[in-house]
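Visitor: One file: structure.txt (compact mmCIF, C-alpha atoms (C1' of nucleotides)).
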# COMPACT_ATOMS: atom_id res chain seq x y z
CA MET A 205 -10.64 -11.65 0.30
CA VAL A 206 -11.25 -10.94 3.96
CA THR A 207 -7.83 -12.26 4.65
CA LYS A 208 -7.17 -11.19 8.16
CA PHE A 209 -4.56 -13.89 8.02
CA ASN A 210 -1.03 -13.22 8.80
CA ILE A 211 -0.30 -10.11 6.93
CA ALA A 212 3.29 -10.53 7.94
CA GLU A 213 3.45 -13.61 5.75
CA ARG A 214 1.92 -11.93 2.76
CA LEU A 215 4.25 -9.03 3.18
CA ALA A 216 7.13 -11.43 3.49
CA LEU A 217 6.48 -12.96 0.11
CA ARG A 218 5.95 -9.65 -1.60
CA LEU A 219 9.07 -8.08 -0.30
CA LYS A 220 11.28 -11.04 -1.00
CA GLU A 221 9.89 -11.21 -4.50
CA ALA A 222 10.50 -7.53 -5.04
CA ARG A 223 14.03 -7.74 -3.73
CA LYS A 224 15.00 -10.70 -5.87
CA SER A 225 13.42 -9.27 -8.96
CA LYS A 226 15.79 -6.39 -8.55
CA GLY A 227 18.71 -8.72 -8.08
CA LEU A 228 19.51 -7.43 -4.64
CA ASN A 229 20.83 -9.37 -1.67
CA LEU A 230 20.02 -8.57 1.90
CA GLU A 231 23.07 -6.42 2.39
CA ALA A 232 22.49 -4.40 -0.74
CA LEU A 233 18.91 -3.77 0.23
CA SER A 234 20.07 -2.97 3.72
CA ASN A 235 22.32 -0.25 2.38
CA LEU A 236 19.64 1.11 0.13
CA SER A 237 16.93 1.15 2.72
CA GLY A 238 18.81 1.68 5.94
CA VAL A 239 17.18 -1.37 7.45
CA SER A 240 19.51 -3.96 8.90
CA ARG A 241 20.18 -7.29 7.22
CA SER A 242 18.89 -9.12 10.24
CA MET A 243 15.65 -7.26 10.22
CA LEU A 244 15.21 -7.86 6.53
CA SER A 245 15.77 -11.53 7.04
CA GLN A 246 13.18 -11.69 9.80
CA ILE A 247 10.67 -9.69 7.86
CA GLU A 248 11.07 -11.83 4.79
CA ARG A 249 10.44 -14.91 6.86
CA GLY A 250 7.36 -13.44 8.44
CA GLU A 251 8.95 -13.44 11.88
CA SER A 252 8.53 -9.77 12.36
CA SER A 253 5.88 -7.24 11.60
CA PRO A 254 7.82 -4.14 10.61
CA THR A 255 6.91 -0.65 11.69
CA VAL A 256 5.58 1.74 9.11
CA ALA A 257 8.83 3.61 9.30
CA THR A 258 10.90 0.66 8.19
CA LEU A 259 8.27 -0.49 5.77
CA TRP A 260 8.25 2.93 4.24
CA ASN A 261 11.99 2.85 3.76
CA LEU A 262 11.69 -0.54 2.14
CA THR A 263 9.04 0.54 -0.30
CA ARG A 264 11.17 3.49 -1.31
CA ALA A 265 14.26 1.37 -1.75
CA LEU A 266 12.43 -1.28 -3.72
CA GLN A 267 10.33 1.22 -5.61
CA VAL A 268 7.17 -0.64 -4.87
CA ASP A 269 3.94 0.97 -3.84
CA PHE A 270 2.82 0.88 -0.29
CA ALA A 271 -0.66 0.07 -1.44
CA GLY A 272 0.02 -3.11 -3.32
CA LEU A 273 2.07 -4.68 -0.62
CA LEU A 274 -0.82 -6.02 1.33
CA ASP A 275 -3.23 -6.83 -1.42
CA GLU A 276 -3.91 -10.29 -2.72
CA GLY A 277 -1.38 -11.78 -5.02
CA ASP A 278 -0.85 -14.18 -7.86
CA THR A 279 1.84 -16.44 -9.19
CA GLU A 280 3.07 -17.86 -12.47
CA GLY A 281 1.33 -19.29 -15.47
CA THR A 282 0.12 -17.58 -18.57
CA ILE A 283 -3.18 -16.39 -17.25
CA LYS A 284 -2.30 -14.77 -14.01
CA GLU A 285 -5.65 -13.77 -12.70
CA ILE A 286 -9.26 -13.33 -13.60
CA MET A 287 -11.28 -10.89 -11.59
CA ARG A 288 -14.99 -11.28 -12.16
CA ALA A 289 -17.17 -8.21 -12.38
CA SER A 290 -18.90 -8.99 -9.12
CA ARG A 291 -15.62 -9.06 -7.30
CA THR A 292 -14.10 -6.04 -8.94
CA PRO A 293 -13.35 -3.57 -6.20
CA SER A 294 -15.63 -0.61 -6.43
CA ILE A 295 -16.19 2.61 -4.62
CA ASP A 296 -19.50 4.36 -4.40
CA SER A 297 -18.93 7.35 -2.24
CA GLN A 298 -16.68 10.33 -2.67
CA GLY A 299 -18.96 11.92 -5.17
CA GLU A 300 -22.61 11.81 -5.94
CA GLY A 301 -24.04 9.72 -8.71
CA CYS A 302 -20.87 8.01 -9.71
CA GLN A 303 -19.61 4.51 -9.33
CA ILE A 304 -15.95 3.68 -9.54
CA HIS A 305 -14.49 0.36 -10.58
CA ILE A 306 -10.87 -0.30 -9.92
CA LEU A 307 -9.42 -2.06 -12.90
CA SER A 308 -5.71 -1.83 -12.22
CA PRO A 309 -3.90 -4.85 -10.87
CA PRO A 310 -3.30 -4.59 -7.16
CA ASP A 311 0.38 -5.37 -7.06
CA GLN A 312 1.90 -3.82 -10.11
CA ALA A 313 0.42 -0.52 -9.03
CA GLY A 314 2.28 2.39 -7.62
CA MET A 315 2.96 3.76 -11.03
CA LEU A 316 -0.55 3.58 -12.29
CA GLU A 317 -4.09 3.06 -11.21
CA VAL A 318 -6.92 2.50 -13.63
CA TYR A 319 -10.55 3.22 -12.95
CA GLU A 320 -13.73 2.92 -14.90
CA ILE A 321 -16.17 5.52 -13.72
CA THR A 322 -19.88 5.41 -14.42
CA PHE A 323 -21.75 8.63 -13.93
CA SER A 324 -25.49 8.89 -13.63
CA ALA A 325 -27.16 12.10 -14.81
CA ASN A 326 -25.66 15.07 -12.97
CA GLY A 327 -23.28 12.78 -11.19
CA LYS A 328 -19.93 14.09 -10.09
CA LEU A 329 -16.65 12.94 -8.66
CA ILE A 330 -14.81 15.37 -6.45
CA SER A 331 -11.26 14.53 -5.51
CA GLU A 332 -8.82 15.86 -3.00
CA PRO A 333 -5.33 16.55 -4.30
CA HIS A 334 -3.28 13.40 -4.82
CA ARG A 335 0.40 13.19 -4.23
CA GLN A 336 2.84 15.64 -5.68
CA GLY A 337 3.39 15.28 -9.40
CA CYS A 338 0.39 13.07 -9.89
CA VAL A 339 -1.19 13.25 -13.31
CA GLU A 340 -4.60 12.02 -14.32
CA HIS A 341 -5.50 10.94 -17.79
CA MET A 342 -9.16 10.62 -18.62
CA SER A 343 -10.93 9.34 -21.70
CA VAL A 344 -14.63 9.76 -22.21
CA LEU A 345 -16.16 6.45 -23.22
CA GLU A 346 -19.76 7.63 -23.31
CA GLY A 347 -21.61 10.90 -22.93
CA THR A 348 -20.16 14.28 -22.05
CA LEU A 349 -18.08 15.31 -19.08
CA LYS A 350 -16.66 18.47 -17.61
CA VAL A 351 -13.31 18.42 -15.88
CA ILE A 352 -12.24 21.04 -13.38
CA ALA A 353 -8.62 20.96 -12.31
CA GLY A 354 -7.20 23.74 -10.21
CA ASP A 355 -8.79 26.85 -11.68
CA GLU A 356 -9.16 25.56 -15.19
CA GLU A 357 -11.99 23.62 -16.72
CA ALA A 358 -12.75 21.79 -19.93
CA GLU A 359 -15.71 20.23 -21.66
CA LEU A 360 -15.14 16.76 -23.09
CA PHE A 361 -17.19 14.69 -25.49
CA MET A 362 -17.29 11.01 -26.24
CA GLY A 363 -13.88 9.82 -27.36
CA ASP A 364 -12.04 12.85 -26.07
CA THR A 365 -9.05 12.48 -23.84
CA ILE A 366 -7.65 14.91 -21.31
CA ARG A 367 -4.51 14.99 -19.25
CA TYR A 368 -4.19 17.18 -16.19
CA ALA A 369 -2.26 17.55 -12.96
CA ALA A 370 -4.06 15.94 -10.08
CA ASP A 371 -1.99 17.28 -7.22
CA CYS A 372 -4.59 19.95 -6.75
CA PRO A 373 -8.33 19.77 -6.09
CA HIS A 374 -10.07 18.43 -9.16
CA SER A 375 -13.44 17.11 -10.16
CA ILE A 376 -15.34 15.47 -12.97
CA HIS A 377 -18.96 16.35 -13.69
CA ALA A 378 -21.61 14.72 -15.81
CA ASN A 379 -24.36 16.83 -17.29
CA ALA A 380 -28.04 15.98 -17.65
CA SER A 381 -27.25 12.58 -19.18
CA PRO A 382 -25.28 9.63 -17.89
CA ALA A 383 -21.68 9.14 -18.91
CA LYS A 384 -18.82 6.75 -18.62
CA ALA A 385 -15.12 7.43 -18.38
CA LEU A 386 -11.83 5.75 -18.13
CA LEU A 387 -9.43 7.26 -15.63
CA LEU A 388 -5.71 6.60 -15.42
CA VAL A 389 -3.86 7.95 -12.43
CA TYR A 390 -0.12 8.19 -12.82
CA ASN A 391 1.70 8.49 -9.52
CA SER A 392 4.72 10.48 -10.62
CA MET B 74 15.86 6.55 11.41
CA VAL B 75 15.78 9.42 9.03
CA THR B 76 12.31 9.69 7.61
CA LYS B 77 10.51 8.34 10.60
CA PHE B 78 9.28 11.69 11.69
CA ASN B 79 7.58 12.71 8.48
CA ILE B 80 5.76 9.56 7.80
CA ALA B 81 4.52 9.17 11.34
CA GLU B 82 3.12 12.67 11.21
CA ARG B 83 1.39 12.18 7.92
CA LEU B 84 -0.09 8.99 9.20
CA ALA B 85 -1.13 10.70 12.38
CA LEU B 86 -3.16 13.29 10.56
CA ARG B 87 -4.81 10.82 8.25
CA LEU B 88 -5.81 8.45 10.98
CA LYS B 89 -7.15 11.10 13.28
CA GLU B 90 -9.11 12.56 10.42
CA ALA B 91 -10.53 9.18 9.54
CA ARG B 92 -11.49 8.43 13.09
CA LYS B 93 -13.24 11.72 13.66
CA SER B 94 -15.03 11.57 10.38
CA LYS B 95 -16.57 8.38 11.62
CA GLY B 96 -17.49 9.98 14.91
CA LEU B 97 -15.44 7.56 16.93
CA ASN B 98 -13.53 8.25 20.11
CA LEU B 99 -10.33 6.51 21.04
CA GLU B 100 -12.07 3.88 23.10
CA ALA B 101 -14.58 3.03 20.41
CA LEU B 102 -11.85 2.70 17.84
CA SER B 103 -9.87 0.68 20.30
CA ASN B 104 -12.71 -1.81 20.61
CA LEU B 105 -13.18 -1.96 16.88
CA SER B 106 -9.57 -2.39 16.01
CA GLY B 107 -8.17 -4.17 19.01
CA VAL B 108 -5.50 -1.53 19.42
CA SER B 109 -5.25 0.07 22.84
CA ARG B 110 -6.42 3.60 23.48
CA SER B 111 -2.97 4.61 24.58
CA MET B 112 -1.39 3.35 21.42
CA LEU B 113 -3.99 5.13 19.34
CA SER B 114 -3.28 8.31 21.18
CA GLN B 115 0.44 8.00 20.59
CA ILE B 116 0.00 7.15 16.95
CA GLU B 117 -2.30 10.06 16.35
CA ARG B 118 0.25 12.39 17.86
CA GLY B 119 3.02 11.00 15.74
CA GLU B 120 4.84 9.69 18.79
CA SER B 121 4.83 6.15 17.58
CA SER B 122 5.32 4.42 14.30
CA PRO B 123 2.88 1.51 14.40
CA THR B 124 3.70 -1.93 13.12
CA VAL B 125 2.01 -3.13 10.00
CA ALA B 126 -0.02 -5.48 12.11
CA THR B 127 -1.62 -2.71 14.12
CA LEU B 128 -1.85 -0.43 11.13
CA TRP B 129 -3.62 -3.17 9.25
CA ASN B 130 -6.13 -3.53 12.05
CA LEU B 131 -6.70 0.19 12.00
CA THR B 132 -7.32 0.37 8.30
CA ARG B 133 -9.84 -2.43 8.61
CA ALA B 134 -11.60 -0.78 11.51
CA LEU B 135 -11.68 2.61 9.84
CA GLN B 136 -12.39 1.20 6.41
CA VAL B 137 -9.72 3.31 4.86
CA ASP B 138 -7.42 2.22 2.14
CA PHE B 139 -3.94 1.26 3.09
CA ALA B 140 -2.71 3.09 0.04
CA GLY B 141 -4.17 6.47 0.78
CA LEU B 142 -2.75 6.63 4.24
CA LEU B 143 0.64 7.78 3.15
CA ASP B 144 -0.24 10.04 0.29
CA GLU B 145 0.71 13.62 0.59
CA GLY B 146 -0.66 16.36 -1.47
CA ASP B 147 -1.06 19.95 -2.43
CA THR B 148 0.40 22.56 -4.75
CA GLU B 149 -0.98 23.67 -8.06
CA GLY B 150 -1.74 22.12 -11.36
CA THR B 151 -3.26 22.75 -14.70
CA ILE B 152 -4.71 20.99 -17.65
CA LYS B 153 -1.86 19.62 -19.67
CA GLU B 154 -3.52 18.48 -22.84
CA ILE B 155 -6.82 17.74 -24.46
CA MET B 156 -6.90 15.27 -27.28
CA ARG B 157 -10.15 15.35 -29.21
CA ALA B 158 -11.74 12.14 -30.38
CA SER B 159 -11.08 12.86 -34.02
CA ARG B 160 -7.38 13.16 -33.37
CA THR B 161 -6.96 10.18 -31.11
CA PRO B 162 -4.45 7.85 -32.73
CA SER B 163 -6.06 4.66 -33.89
CA ILE B 164 -5.11 1.43 -35.56
CA ASP B 165 -7.43 -0.59 -37.71
CA SER B 166 -5.45 -3.52 -38.91
CA GLN B 167 -3.74 -6.38 -37.14
CA GLY B 168 -6.97 -8.21 -36.58
CA GLU B 169 -10.28 -8.42 -38.26
CA GLY B 170 -13.22 -6.44 -37.06
CA CYS B 171 -11.48 -4.54 -34.35
CA GLN B 172 -10.50 -0.92 -33.97
CA ILE B 173 -7.81 0.17 -31.57
CA HIS B 174 -7.55 3.57 -29.94
CA ILE B 175 -4.32 4.50 -28.25
CA LEU B 176 -5.12 6.25 -25.03
CA SER B 177 -1.78 6.26 -23.29
CA PRO B 178 0.09 9.53 -23.23
CA PRO B 179 3.11 9.67 -25.51
CA ASP B 180 5.67 10.13 -22.76
CA GLN B 181 4.72 6.90 -21.09
CA ALA B 182 5.32 4.88 -24.23
CA GLY B 183 7.39 1.80 -23.79
CA MET B 184 6.69 1.19 -20.17
CA LEU B 185 2.97 1.11 -20.50
CA GLU B 186 0.49 1.37 -23.28
CA VAL B 187 -3.21 1.81 -22.91
CA TYR B 188 -5.68 0.88 -25.61
CA GLU B 189 -9.38 0.97 -26.01
CA ILE B 190 -10.42 -1.77 -28.37
CA THR B 191 -13.75 -1.89 -30.12
CA PHE B 192 -14.72 -5.25 -31.57
CA SER B 193 -17.44 -5.71 -34.11
CA ALA B 194 -19.33 -9.01 -34.11
CA ASN B 195 -16.87 -11.91 -34.51
CA GLY B 196 -13.99 -9.47 -34.50
CA LYS B 197 -10.63 -10.60 -33.21
CA LEU B 198 -7.20 -9.29 -32.33
CA ILE B 199 -4.32 -11.68 -32.80
CA SER B 200 -0.94 -10.73 -31.36
CA GLU B 201 2.56 -12.08 -31.69
CA PRO B 202 4.52 -12.56 -28.47
CA HIS B 203 5.74 -9.30 -26.97
CA ARG B 204 8.89 -8.80 -24.99
CA GLN B 205 9.87 -11.22 -22.27
CA GLY B 206 8.01 -10.55 -19.04
CA CYS B 207 5.36 -8.50 -20.74
CA VAL B 208 1.97 -8.66 -19.08
CA GLU B 209 -1.37 -7.62 -20.47
CA HIS B 210 -4.30 -6.56 -18.41
CA MET B 211 -7.69 -6.46 -20.04
CA SER B 212 -11.07 -5.32 -18.75
CA VAL B 213 -14.26 -5.96 -20.63
CA LEU B 214 -16.21 -2.76 -20.89
CA GLU B 215 -19.04 -4.13 -23.02
CA GLY B 216 -20.09 -7.49 -24.36
CA THR B 217 -18.28 -10.80 -24.04
CA LEU B 218 -14.75 -11.71 -25.02
CA LYS B 219 -12.58 -14.79 -25.14
CA VAL B 220 -8.88 -14.55 -24.38
CA ILE B 221 -6.38 -17.14 -25.52
CA ALA B 222 -2.90 -16.85 -24.08
CA GLY B 223 -0.38 -19.60 -24.63
CA ASP B 224 -2.35 -22.79 -24.24
CA GLU B 225 -4.88 -21.41 -21.82
CA GLU B 226 -8.10 -19.64 -22.56
CA ALA B 227 -10.82 -17.84 -20.67
CA GLU B 228 -14.29 -16.47 -21.30
CA LEU B 229 -14.89 -12.99 -19.99
CA PHE B 230 -18.07 -11.05 -19.49
CA MET B 231 -18.80 -7.40 -19.10
CA GLY B 232 -16.93 -6.01 -16.15
CA ASP B 233 -14.52 -8.91 -15.88
CA THR B 234 -10.81 -8.33 -15.79
CA ILE B 235 -8.00 -10.64 -16.76
CA ARG B 236 -4.25 -10.51 -16.46
CA TYR B 237 -2.03 -12.73 -18.52
CA ALA B 238 1.50 -13.11 -19.76
CA ALA B 239 1.87 -11.63 -23.24
CA ASP B 240 5.30 -12.95 -24.04
CA CYS B 241 3.65 -15.78 -25.92
CA PRO B 242 1.13 -15.81 -28.76
CA HIS B 243 -2.19 -14.46 -27.58
CA SER B 244 -5.47 -13.28 -28.98
CA ILE B 245 -8.77 -11.73 -28.07
CA HIS B 246 -12.03 -12.79 -29.73
CA ALA B 247 -15.48 -11.31 -29.77
CA ASN B 248 -18.46 -13.59 -30.28
CA ALA B 249 -21.59 -12.94 -32.31
CA SER B 250 -22.08 -9.51 -30.75
CA PRO B 251 -19.87 -6.44 -30.62
CA ALA B 252 -17.74 -5.75 -27.60
CA LYS B 253 -15.44 -3.19 -26.13
CA ALA B 254 -12.37 -3.64 -23.99
CA LEU B 255 -9.66 -1.76 -22.21
CA LEU B 256 -6.18 -3.13 -22.67
CA LEU B 257 -3.12 -2.28 -20.62
CA VAL B 258 0.23 -3.55 -21.82
CA TYR B 259 2.99 -3.54 -19.22
CA ASN B 260 6.47 -3.83 -20.64
CA SER B 261 7.86 -4.18 -17.13
C1' DT C 254 -18.48 27.54 40.69
C1' DT C 255 -18.90 22.72 41.53
C1' DA C 256 -19.64 18.22 40.25
C1' DA C 257 -20.17 14.30 37.09
C1' DG C 258 -19.14 12.26 33.01
C1' DT C 259 -16.39 11.54 29.12
C1' DA C 260 -12.22 11.87 26.28
C1' DT C 261 -7.45 12.09 26.06
C1' DT C 262 -2.83 11.89 27.77
C1' DC C 263 0.74 10.22 31.07
C1' DC C 264 3.35 6.50 33.27
C1' DA C 265 5.24 2.05 34.61
C1' DT C 266 5.45 -2.54 32.65
C1' DT C 267 5.63 -5.87 29.10
C1' DA C 268 6.16 -7.38 24.48
C1' DT C 269 8.56 -7.11 20.40
C1' DA C 270 10.93 -4.72 16.59
C1' DT C 271 15.62 -3.60 15.40
C1' DT C 272 20.50 -3.78 15.47
C1' DG C 273 25.67 -5.52 15.15
C1' DG C 274 28.31 -9.10 15.28
C1' DA C 275 28.95 -14.22 15.30
C1' DT C 276 27.42 -18.48 13.11
C1' DT C 277 25.87 -21.22 9.70
C1' DA C 278 24.58 -22.14 4.83
C1' DA C 279 25.36 -21.65 0.02
C1' DT C 280 28.34 -20.85 -4.09
C1' DA C 281 32.04 -20.47 -6.45
C1' DT C 282 37.35 -21.25 -7.47
C1' DC C 283 41.33 -23.73 -7.43
C1' DG D 267 38.04 -32.59 -2.18
C1' DA D 268 39.60 -27.90 0.30
C1' DT D 269 39.36 -22.87 0.51
C1' DA D 270 37.75 -18.38 -0.41
C1' DT D 271 33.71 -15.59 -1.06
C1' DT D 272 29.32 -14.37 -0.59
C1' DA D 273 24.63 -14.69 1.30
C1' DA D 274 21.36 -15.78 4.87
C1' DT D 275 20.30 -16.86 9.64
C1' DC D 276 21.03 -16.97 14.70
C1' DC D 277 21.93 -14.63 19.11
C1' DA D 278 22.52 -11.20 22.83
C1' DA D 279 21.73 -6.26 23.61
C1' DT D 280 19.02 -2.21 22.93
C1' DA D 281 15.33 0.69 21.35
C1' DT D 282 10.78 1.26 20.94
C1' DA D 283 6.00 -0.28 20.09
C1' DA D 284 2.05 -1.74 22.82
C1' DT D 285 -0.66 -2.32 27.01
C1' DG D 286 -3.56 -1.25 31.36
C1' DG D 287 -4.55 1.65 34.69
C1' DA D 288 -3.98 6.39 36.95
C1' DA D 289 -3.92 11.18 36.22
C1' DT D 290 -5.21 15.14 33.58
C1' DA D 291 -8.00 17.85 30.45
C1' DC D 292 -12.35 18.74 28.47
C1' DT D 293 -17.44 19.05 28.43
C1' DT D 294 -21.94 19.51 30.08
C1' DA D 295 -25.31 20.19 33.73
C1' DA D 296 -26.90 21.90 37.88
For the structure just supplied, provide its representation as structure tokens.
Guide:
Amino acid sequence: MVTKFNIAERLALRLKEARKSKGLNLEALSNLSGVSRSMLSQIERGESSPTVATLWNLTRALQVDFAGLLDEGDTEGTIKEIMRASRTPSIDSQGEGCQIHILSPPDQAGMLEVYEITFSANGKLISEPHRQGCVEHMSVLEGTLKVIAGDEEAELFMGDTIRYAADCPHSIHANASPAKALLLVYNS
Amino acid sequence: MVTKFNIAERLALRLKEARKSKGLNLEALSNLSGVSRSMLSQIERGESSPTVATLWNLTRALQVDFAGLLDEGDTEGTIKEIMRASRTPSIDSQGEGCQIHILSPPDQAGMLEVYEITFSANGKLISEPHRQGCVEHMSVLEGTLKVIAGDEEAELFMGDTIRYAADCPHSIHANASPAKALLLVYNS
DNA sequence: TTAAGTATTCCATTATATTGGATTAATATC
DNA sequence: GATATTAATCCAATATAATGGAATACTTAA
């Protein structure tokens, strides 16, 4: 996974894939994105490493997420990918006493990210505002959790589900016992 | 060349923040990332829009996520909805020994559905092919599960995640012990 | 205040990303 | 087959990203 290798190539594949899946040709994409045909051609052949500016325009035009563009990929077949527990990306920090597993597929993202969050007793996850219009959707799998979003808060029990705007400071708190939650983050 | 300004500035802030939070100066980061001090300086002042190559090196050096770099965020938000466990829509049939809870919010229906599936011992969920291009994404929350999709099959343990085409007959099987899974259905 | 040390910015140079138009390749239509 | 049409690549010109070292700003110490 430590692919330092030729990110230009990976990008190339992703972008070309995205373009074709939308049935666009170079010129059409050029018009949509404001990036020249020539540049697109070079980028798609890995002969150029675009600037963030152009890359940004491309992601907007193709409606793909910036994030997924550089992550590992997959191809065809029925079973596309198996990600073993040990290799599931996880985050430890950002809060105290909580461990976050990223369940959502790396590429398809943009729209949605899925996390499984395991809280130890009194654990908490404090989040900065996400992007405008972002909505989080949390289901309590085990235990009890308190959600604070903006200036509101709510107590949730096992099986409960809450939906709240996440474009403001928000946090999730466990009480004296451990808990587990499923978190869906919809990016607009 | 329209949006160049905004994105460069957002990036600038994020990167500078990240660098300082790690207590690095430009030279230190330069050594870590292989990007020259001067370039770093320009980038952090929004005077340059780095190429993906250099940006990639920076994200690696700073251990920040590529995704988060371009997020924006602020404004207000509130809790939209709380759905108590007792009222969470559920399905019992369709398989034997499995109970399905629909977690996805109503407005997202069609594009994406999210289910929490609880299998009792030897429970199974057998599904007809969905729409063309449909992809399912399953994470094992508890226990062990076997997935059969088309003519392939895979054994999955707690924490594992699998992604497979669902436009063919597919099924999920628990073994002698109960299990729990999270299922995302993308209708692309 | 001066001086010494460090961190950042400026500047000239080089490398390369980006563009518009010309060239080639691919695809269809007669 | 030839021709028209469209799509992708090549090529020269330009803009700008990237670099290394010099100059400036910014601290800290005496």
Visitor: Between A:Leu307, A:Glu317, A:Ile247, A:Lys384, which has the minimum distance to His210 (chain B) (counting only C-alpha atoms)?
Guide: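 Residue with the minimum atom-to-atom distance to His210 (chain B): A:Leu307.
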Visitor: Taking (-4.1, 10.7, 30.9) in the file's coordinates, which residues come within 9 Å, counting all atoms listed in the file, written as a list of chain:residue names?
Guide: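 Those residues, ordered by chain and then number, are B:Ser111, C:DT261, C:DT262, C:DC263, C:DC264, D:DA288, D:DA289, D:DT290, D:DA291.
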Visitor: Please find the residues of chain B near chain D - the criterion being any atom within 8 Å, counting all atoms listed in the file - and write them as a list in words.
Guide: Ser109, Ser111, Met112, Ser121, Ser122, Pro123 and Thr124 of chain B
Visitor: So what do you get for CA of Ala254 (chain B) versus CA of Phe270 (chain A), distance-wise?
Guide: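 That distance, rounded to one decimal, is 28.5 Å.
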Visitor: Compile the residues of chain C that lie within 7 Å of chain A, evaluated using all atoms listed in the file, and express the compilation as a PyMOL selection string.
Guide: chain C and resi 270-272
Visitor: Please measure the separation of CA of Thr217 (chain B) and CA of Glu169 (chain B), giving the value in Å to one decimal.
Guide: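 Interatomic distance here is 16.5 Å.
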Visitor: May I have the protein, DNA and RNA residues with an atom at most 10 Å from (-15.2, 7.0, -19.1), counting all atoms listed in the file in the file's coordinates, returned as a list of chain:residue names?
Guide: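 Counting all atoms listed in the file, I find these residues within 10 Å of (-15.2, 7.0, -19.1): A:Tyr319, A:Glu320, A:Ile321, A:Thr322, A:Phe323, A:Met342, A:Ser343, A:Val344, A:Leu345, A:Glu346, A:Gly347, A:Thr348, A:Leu349, A:Met362, A:Gly363, A:Asp364, A:Thr365, A:Ala383, A:Lys384, A:Ala385, A:Leu386, A:Leu387, B:Leu214.
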Visitor: Suppose you want the space between CA of Asp240 (chain B) and CA of Lys197 (chain B); what is it in Å?
Guide: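 Value for the CA of Asp240 (chain B)-CA of Lys197 (chain B) distance: 18.5 Å.
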Visitor: Looking at A:Cys302, A:Val318, A:Leu266, A:Val256, which one is nearest to chain B, with distances taken over all atoms listed in the file?
Guide: A:Val256
Visitor: Neighbouring residues of Ile221 (chain B) were defined as those with any atom within 8 Å, considering only C-alpha atoms (C1' of nucleotides); residues of the same chain fewer than 3 positions away were excluded. Please report them as JSON, numbers by chain.
Guide: {"B": [224, 225, 226, 227, 243, 244, 245]}
Visitor: Which residue gives the smallest distance to chain A among B:Glu201, B:Glu228, B:Glu117, B:Glu90, with only C-alpha atoms counted?
Guide: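 Residue with the minimum atom-to-atom distance to chain A: B:Glu228.
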